[in-house]
$ cat model.cif   # mmCIF, C-alpha atoms
data_run
loop_
_atom_site.group_PDB
_atom_site.id
_atom_site.type_symbol
_atom_site.label_atom_id
_atom_site.label_comp_id
_atom_site.auth_asym_id
_atom_site.auth_seq_id
_atom_site.Cartn_x
_atom_site.Cartn_y
_atom_site.Cartn_z
ATOM 1 C CA MET C 1 -105.122 -84.426 150.339
ATOM 2 C CA SER C 2 -105.934 -85.076 146.733
ATOM 3 C CA HIS C 3 -103.155 -85.429 144.205
ATOM 4 C CA PHE C 4 -103.861 -85.377 140.505
ATOM 5 C CA PHE C 5 -101.841 -84.888 137.368
ATOM 6 C CA LYS C 6 -102.728 -82.815 134.377
ATOM 7 C CA ASP C 7 -101.808 -84.313 131.083
ATOM 8 C CA LYS C 8 -102.274 -83.338 127.448
ATOM 9 C CA THR C 9 -105.888 -84.478 127.498
ATOM 10 C CA ASP C 10 -106.769 -81.665 129.896
ATOM 11 C CA THR C 11 -108.424 -78.768 128.019
ATOM 12 C CA GLN C 12 -106.183 -76.130 129.644
ATOM 13 C CA ILE C 13 -103.035 -77.999 128.690
ATOM 14 C CA THR C 14 -104.354 -78.544 125.147
ATOM 15 C CA GLU C 15 -105.004 -74.812 124.754
ATOM 16 C CA ILE C 16 -101.550 -73.920 126.115
ATOM 17 C CA LEU C 17 -99.915 -76.342 123.677
ATOM 18 C CA LYS C 18 -101.850 -74.831 120.753
ATOM 19 C CA GLN C 19 -100.727 -71.332 121.742
ATOM 20 C CA LEU C 20 -97.119 -72.482 122.079
ATOM 21 C CA LYS C 21 -97.273 -73.955 118.561
ATOM 22 C CA ARG C 22 -98.607 -70.631 117.201
ATOM 23 C CA ILE C 23 -95.883 -68.690 118.971
ATOM 24 C CA ASN C 24 -93.238 -71.077 117.675
ATOM 25 C CA GLU C 25 -94.475 -70.633 114.083
ATOM 26 C CA LEU C 26 -94.487 -66.838 114.441
ATOM 27 C CA LEU C 27 -90.921 -66.918 115.758
ATOM 28 C CA ARG C 28 -89.836 -69.068 112.805
ATOM 29 C CA LYS C 29 -91.419 -66.657 110.309
ATOM 30 C CA THR C 30 -89.887 -63.658 112.052
ATOM 31 C CA SER C 31 -86.411 -65.178 112.156
ATOM 32 C CA ARG C 32 -86.571 -65.784 108.383
ATOM 33 C CA MET C 33 -87.430 -62.124 107.802
ATOM 34 C CA ILE C 34 -84.630 -60.709 109.950
ATOM 35 C CA GLN C 35 -81.413 -60.147 108.076
ATOM 36 C CA PRO C 36 -78.062 -59.293 109.564
ATOM 37 C CA THR C 37 -76.902 -55.727 109.014
ATOM 38 C CA LEU C 38 -73.539 -54.180 108.302
ATOM 39 C CA ASN C 39 -73.115 -50.862 110.130
ATOM 40 C CA ASN C 40 -76.893 -50.801 110.606
ATOM 41 C CA GLU C 41 -77.434 -51.028 106.828
ATOM 42 C CA ARG C 42 -79.450 -53.794 105.204
ATOM 43 C CA PHE C 43 -78.347 -55.035 101.808
ATOM 44 C CA LEU C 44 -80.772 -56.616 99.364
ATOM 45 C CA THR C 45 -80.001 -59.212 96.728
ATOM 46 C CA ASP C 46 -81.289 -59.126 93.142
ATOM 47 C CA GLU C 47 -83.994 -61.600 94.025
ATOM 48 C CA GLU C 48 -85.195 -59.662 97.085
ATOM 49 C CA LEU C 49 -85.210 -56.295 95.321
ATOM 50 C CA SER C 50 -86.970 -57.655 92.239
ATOM 51 C CA LYS C 51 -89.758 -58.993 94.477
ATOM 52 C CA ILE C 52 -90.051 -55.691 96.354
ATOM 53 C CA LEU C 53 -90.150 -53.584 93.179
ATOM 54 C CA ARG C 54 -92.117 -56.217 91.246
ATOM 55 C CA VAL C 55 -89.744 -56.141 88.309
ATOM 56 C CA SER C 56 -87.654 -58.876 86.741
ATOM 57 C CA ARG C 57 -84.019 -59.412 87.590
ATOM 58 C CA ARG C 58 -83.234 -58.501 83.977
ATOM 59 C CA THR C 59 -84.906 -55.118 84.532
ATOM 60 C CA LEU C 60 -82.665 -54.583 87.569
ATOM 61 C CA GLN C 61 -79.675 -55.319 85.325
ATOM 62 C CA GLU C 62 -80.892 -52.646 82.909
ATOM 63 C CA TYR C 63 -81.320 -50.170 85.791
ATOM 64 C CA ARG C 64 -77.756 -50.899 86.929
ATOM 65 C CA SER C 65 -76.352 -50.500 83.415
ATOM 66 C CA ALA C 66 -78.208 -47.208 82.946
ATOM 67 C CA GLY C 67 -76.994 -45.922 86.317
ATOM 68 C CA ILE C 68 -80.537 -45.607 87.649
ATOM 69 C CA ILE C 69 -79.886 -47.538 90.844
ATOM 70 C CA PRO C 70 -76.661 -47.758 92.842
ATOM 71 C CA TYR C 71 -75.285 -51.196 93.624
ATOM 72 C CA TYR C 72 -72.278 -52.976 95.038
ATOM 73 C CA LEU C 73 -70.704 -55.899 93.233
ATOM 74 C CA VAL C 74 -69.235 -58.516 95.573
ATOM 75 C CA GLN C 75 -67.686 -61.514 93.849
ATOM 76 C CA GLY C 76 -70.058 -61.139 90.921
ATOM 77 C CA LYS C 77 -73.154 -60.723 93.090
ATOM 78 C CA ALA C 78 -75.033 -57.411 93.010
ATOM 79 C CA LEU C 79 -76.149 -56.000 96.360
ATOM 80 C CA TYR C 80 -78.274 -52.928 96.959
ATOM 81 C CA LYS C 81 -78.346 -50.722 100.054
ATOM 82 C CA GLU C 82 -81.929 -50.620 101.230
ATOM 83 C CA SER C 83 -81.622 -46.972 102.338
ATOM 84 C CA GLU C 84 -80.373 -45.903 98.882
ATOM 85 C CA ILE C 85 -83.257 -47.677 97.140
ATOM 86 C CA GLU C 86 -85.753 -46.046 99.521
ATOM 87 C CA LYS C 87 -84.223 -42.617 98.829
ATOM 88 C CA ILE C 88 -84.485 -43.114 95.058
ATOM 89 C CA LEU C 89 -88.127 -44.169 95.367
ATOM 90 C CA ASN C 90 -88.985 -41.232 97.640
ATOM 91 C CA ASP C 91 -87.242 -38.740 95.350
ATOM 92 C CA SER C 92 -89.030 -40.168 92.312
ATOM 93 C CA HIS C 93 -92.364 -39.960 94.100
ATOM 94 C CA LYS C 94 -91.751 -36.311 95.035
ATOM 95 C CA ARG C 95 -90.938 -35.457 91.406
ATOM 96 C CA CYS C 96 -94.115 -37.187 90.205
ATOM 97 C CA VAL C 97 -96.247 -35.317 92.721
ATOM 98 C CA GLU C 98 -94.641 -31.973 91.808
ATOM 99 C CA GLU C 99 -95.224 -32.557 88.093
ATOM 100 C CA GLN C 100 -98.926 -33.258 88.613
ATOM 101 C CA ARG C 101 -99.995 -29.706 89.135
ATOM 102 C CA TRP C 102 -103.765 -29.595 89.048
ATOM 103 C CA VAL C 103 -105.266 -26.850 86.952
#
$ encode --input "model.cif" --output "structure tokens"
Amino acid sequence: MSHFFKDKTDTQITEILKQLKRINELLRKTSRMIQPTLNNERFLTDEELSKILRVSRRTLQEYRSAGIIPYYLVQGKALYKESEIEKILNDSHKRCVEEQRWV
């Protein structure tokens, strides 16, 4: 009976280790993207929303002051309900499409 050991120099083991490293990296990236929710609602910070909308944080301040976007102020930090922002964007898109009546 032949007994042999596979170590990290074996090509199968090397490939398995490479795949495990890829999976580990994907899990790390995914865990950074997942945010805890409150009553199944995600809240975005100024920084997150400004990146999503591609506007400056100062522009978000102007939107808040003008009442364009709803927000929640918690100890001086503005938070935005993701569902409310999506609704505003969808409503604005519908209005734009309706106003572009082709002649």
$ resolve_selection --input "model.cif" --expression "the PyMOL selection byres ((chain C and resi 42) around 12)" --output "CSV table (one decimal) with C-alpha atoms, in the frame of the given file"
chain,number,residue,atom,x,y,z
C,33,MET,CA,-87.4,-62.1,107.8
C,34,ILE,CA,-84.6,-60.7,110.0
C,35,GLN,CA,-81.4,-60.1,108.1
C,36,PRO,CA,-78.1,-59.3,109.6
C,37,THR,CA,-76.9,-55.7,109.0
C,38,LEU,CA,-73.5,-54.2,108.3
C,39,ASN,CA,-73.1,-50.9,110.1
C,40,ASN,CA,-76.9,-50.8,110.6
C,41,GLU,CA,-77.4,-51.0,106.8
C,43,PHE,CA,-78.3,-55.0,101.8
C,44,LEU,CA,-80.8,-56.6,99.4
C,45,THR,CA,-80.0,-59.2,96.7
C,48,GLU,CA,-85.2,-59.7,97.1
C,49,LEU,CA,-85.2,-56.3,95.3
C,79,LEU,CA,-76.1,-56.0,96.4
C,80,TYR,CA,-78.3,-52.9,97.0
C,81,LYS,CA,-78.3,-50.7,100.1
C,82,GLU,CA,-81.9,-50.6,101.2
C,83,SER,CA,-81.6,-47.0,102.3
C,84,GLU,CA,-80.4,-45.9,98.9
C,85,ILE,CA,-83.3,-47.7,97.1
C,86,GLU,CA,-85.8,-46.0,99.5
$ resolve_selection --input "model.cif" --expression "the PyMOL selection byres ((chain C and resi 69) around 9)" --output "count of residues only"
13
$ axis_aligned_box --input "model.cif" --around "region 28-33 of chain C" --padding-each-side "6 Å" --output "JSON"
{"center_x": -88.9, "center_y": -65.6, "center_z": 110.3, "size_x": 17.0, "size_y": 18.9, "size_z": 17.0}
$ closest_residue --input "model.cif" --among "C:Gln100, C:Ala78, C:Gln12, C:Lys94" --to "Ser50 (chain C)" --atoms "only C-alpha atoms"
C:Ala78
$ closest_residue --input "model.cif" --among "C:Asp46, C:Asp91, C:Cys96, C:Ser56" --to "Gly76 (chain C)" --atoms "all atoms listed in the file"
C:Asp46
$ atom_distance --input "model.cif" --atom1 "CA of Asn90 (chain C)" --atom2 "CA of Val55 (chain C)"
17.6 Å
$ atom_distance --input "model.cif" --atom1 "CA of Gln61 (chain C)" --atom2 "CA of Leu73 (chain C)"
12.0 Å
$ atom_distance --input "model.cif" --atom1 "CA of Arg57 (chain C)" --atom2 "CA of Arg28 (chain C)"
27.6 Å
$ build_atoms --input "model.cif" --residues "region 72-83 of chain C" --atoms "all heavy atoms" --output "PDB file, in the coordinates of the input"
ATOM      1  N   TYR C  72     -73.613 -52.539  94.655  1.00  0.00           N
ATOM      2  CA  TYR C  72     -72.278 -52.976  95.038  1.00  0.00           C
ATOM      3  C   TYR C  72     -72.091 -54.372  94.474  1.00  0.00           C
ATOM      4  O   TYR C  72     -72.979 -55.217  94.605  1.00  0.00           O
ATOM      5  CB  TYR C  72     -72.133 -53.010  96.566  1.00  0.00           C
ATOM      6  CG  TYR C  72     -72.398 -51.663  97.191  1.00  0.00           C
ATOM      7  CD1 TYR C  72     -73.686 -51.267  97.519  1.00  0.00           C
ATOM      8  CD2 TYR C  72     -71.356 -50.775  97.410  1.00  0.00           C
ATOM      9  CE1 TYR C  72     -73.937 -50.023  98.062  1.00  0.00           C
ATOM     10  CE2 TYR C  72     -71.598 -49.524  97.955  1.00  0.00           C
ATOM     11  CZ  TYR C  72     -72.889 -49.159  98.273  1.00  0.00           C
ATOM     12  OH  TYR C  72     -73.122 -47.918  98.813  1.00  0.00           O
ATOM     13  N   LEU C  73     -70.978 -54.599  93.828  1.00  0.00           N
ATOM     14  CA  LEU C  73     -70.704 -55.899  93.233  1.00  0.00           C
ATOM     15  C   LEU C  73     -69.688 -56.620  94.115  1.00  0.00           C
ATOM     16  O   LEU C  73     -68.555 -56.161  94.278  1.00  0.00           O
ATOM     17  CB  LEU C  73     -70.166 -55.714  91.813  1.00  0.00           C
ATOM     18  CG  LEU C  73     -70.348 -56.859  90.850  1.00  0.00           C
ATOM     19  CD1 LEU C  73     -71.814 -57.238  90.743  1.00  0.00           C
ATOM     20  CD2 LEU C  73     -69.802 -56.515  89.494  1.00  0.00           C
ATOM     21  N   VAL C  74     -70.099 -57.727  94.705  1.00  0.00           N
ATOM     22  CA  VAL C  74     -69.235 -58.516  95.573  1.00  0.00           C
ATOM     23  C   VAL C  74     -69.125 -59.913  94.986  1.00  0.00           C
ATOM     24  O   VAL C  74     -70.113 -60.655  94.944  1.00  0.00           O
ATOM     25  CB  VAL C  74     -69.809 -58.587  97.017  1.00  0.00           C
ATOM     26  CG1 VAL C  74     -68.896 -59.414  97.909  1.00  0.00           C
ATOM     27  CG2 VAL C  74     -69.997 -57.198  97.583  1.00  0.00           C
ATOM     28  N   GLN C  75     -67.959 -60.229  94.493  1.00  0.00           N
ATOM     29  CA  GLN C  75     -67.686 -61.514  93.849  1.00  0.00           C
ATOM     30  C   GLN C  75     -68.769 -61.877  92.829  1.00  0.00           C
ATOM     31  O   GLN C  75     -69.316 -62.966  92.806  1.00  0.00           O
ATOM     32  CB  GLN C  75     -67.546 -62.615  94.890  1.00  0.00           C
ATOM     33  CG  GLN C  75     -66.319 -62.450  95.745  1.00  0.00           C
ATOM     34  CD  GLN C  75     -66.101 -63.611  96.684  1.00  0.00           C
ATOM     35  OE1 GLN C  75     -66.976 -64.432  96.901  1.00  0.00           O
ATOM     36  NE2 GLN C  75     -64.909 -63.674  97.259  1.00  0.00           N
ATOM     37  N   GLY C  76     -69.107 -60.912  91.993  1.00  0.00           N
ATOM     38  CA  GLY C  76     -70.058 -61.139  90.921  1.00  0.00           C
ATOM     39  C   GLY C  76     -71.521 -61.066  91.337  1.00  0.00           C
ATOM     40  O   GLY C  76     -72.402 -61.249  90.527  1.00  0.00           O
ATOM     41  N   LYS C  77     -71.779 -60.802  92.604  1.00  0.00           N
ATOM     42  CA  LYS C  77     -73.154 -60.723  93.090  1.00  0.00           C
ATOM     43  C   LYS C  77     -73.503 -59.276  93.394  1.00  0.00           C
ATOM     44  O   LYS C  77     -72.800 -58.595  94.125  1.00  0.00           O
ATOM     45  CB  LYS C  77     -73.305 -61.568  94.358  1.00  0.00           C
ATOM     46  CG  LYS C  77     -74.705 -61.647  94.868  1.00  0.00           C
ATOM     47  CD  LYS C  77     -74.791 -62.623  96.022  1.00  0.00           C
ATOM     48  CE  LYS C  77     -76.232 -62.794  96.425  1.00  0.00           C
ATOM     49  NZ  LYS C  77     -76.399 -63.880  97.379  1.00  0.00           N
ATOM     50  N   ALA C  78     -74.605 -58.792  92.800  1.00  0.00           N
ATOM     51  CA  ALA C  78     -75.033 -57.411  93.010  1.00  0.00           C
ATOM     52  C   ALA C  78     -75.810 -57.304  94.315  1.00  0.00           C
ATOM     53  O   ALA C  78     -76.691 -58.101  94.597  1.00  0.00           O
ATOM     54  CB  ALA C  78     -75.906 -56.952  91.855  1.00  0.00           C
ATOM     55  N   LEU C  79     -75.448 -56.302  95.114  1.00  0.00           N
ATOM     56  CA  LEU C  79     -76.149 -56.000  96.360  1.00  0.00           C
ATOM     57  C   LEU C  79     -76.582 -54.548  96.334  1.00  0.00           C
ATOM     58  O   LEU C  79     -75.899 -53.695  95.754  1.00  0.00           O
ATOM     59  CB  LEU C  79     -75.239 -56.245  97.568  1.00  0.00           C
ATOM     60  CG  LEU C  79     -74.753 -57.674  97.771  1.00  0.00           C
ATOM     61  CD1 LEU C  79     -73.752 -57.727  98.920  1.00  0.00           C
ATOM     62  CD2 LEU C  79     -75.920 -58.605  98.046  1.00  0.00           C
ATOM     63  N   TYR C  80     -77.705 -54.268  96.964  1.00  0.00           N
ATOM     64  CA  TYR C  80     -78.274 -52.928  96.959  1.00  0.00           C
ATOM     65  C   TYR C  80     -78.513 -52.491  98.395  1.00  0.00           C
ATOM     66  O   TYR C  80     -79.106 -53.236  99.173  1.00  0.00           O
ATOM     67  CB  TYR C  80     -79.613 -52.914  96.209  1.00  0.00           C
ATOM     68  CG  TYR C  80     -79.541 -53.547  94.848  1.00  0.00           C
ATOM     69  CD1 TYR C  80     -79.741 -54.914  94.681  1.00  0.00           C
ATOM     70  CD2 TYR C  80     -79.261 -52.782  93.730  1.00  0.00           C
ATOM     71  CE1 TYR C  80     -79.674 -55.501  93.438  1.00  0.00           C
ATOM     72  CE2 TYR C  80     -79.195 -53.358  92.476  1.00  0.00           C
ATOM     73  CZ  TYR C  80     -79.395 -54.721  92.342  1.00  0.00           C
ATOM     74  OH  TYR C  80     -79.321 -55.295  91.103  1.00  0.00           O
ATOM     75  N   LYS C  81     -78.068 -51.266  98.726  1.00  0.00           N
ATOM     76  CA  LYS C  81     -78.346 -50.722 100.054  1.00  0.00           C
ATOM     77  C   LYS C  81     -79.815 -50.350 100.121  1.00  0.00           C
ATOM     78  O   LYS C  81     -80.317 -49.595  99.283  1.00  0.00           O
ATOM     79  CB  LYS C  81     -77.516 -49.462 100.304  1.00  0.00           C
ATOM     80  CG  LYS C  81     -76.346 -49.643 101.189  1.00  0.00           C
ATOM     81  CD  LYS C  81     -75.755 -48.286 101.550  1.00  0.00           C
ATOM     82  CE  LYS C  81     -74.400 -48.477 102.169  1.00  0.00           C
ATOM     83  NZ  LYS C  81     -73.783 -47.194 102.502  1.00  0.00           N
ATOM     84  N   GLU C  82     -80.504 -50.880 101.102  1.00  0.00           N
ATOM     85  CA  GLU C  82     -81.929 -50.620 101.230  1.00  0.00           C
ATOM     86  C   GLU C  82     -82.222 -49.124 101.368  1.00  0.00           C
ATOM     87  O   GLU C  82     -83.164 -48.606 100.755  1.00  0.00           O
ATOM     88  CB  GLU C  82     -82.477 -51.380 102.445  1.00  0.00           C
ATOM     89  CG  GLU C  82     -83.965 -51.338 102.574  1.00  0.00           C
ATOM     90  CD  GLU C  82     -84.460 -52.177 103.727  1.00  0.00           C
ATOM     91  OE1 GLU C  82     -83.908 -52.047 104.846  1.00  0.00           O
ATOM     92  OE2 GLU C  82     -85.397 -52.955 103.514  1.00  0.00           O
ATOM     93  N   SER C  83     -81.393 -48.411 102.125  1.00  0.00           N
ATOM     94  CA  SER C  83     -81.622 -46.972 102.338  1.00  0.00           C
ATOM     95  C   SER C  83     -81.474 -46.191 101.029  1.00  0.00           C
ATOM     96  O   SER C  83     -82.216 -45.230 100.787  1.00  0.00           O
ATOM     97  CB  SER C  83     -80.666 -46.425 103.392  1.00  0.00           C
ATOM     98  OG  SER C  83     -79.326 -46.570 102.972  1.00  0.00           O
TER      99      SER C  83
END
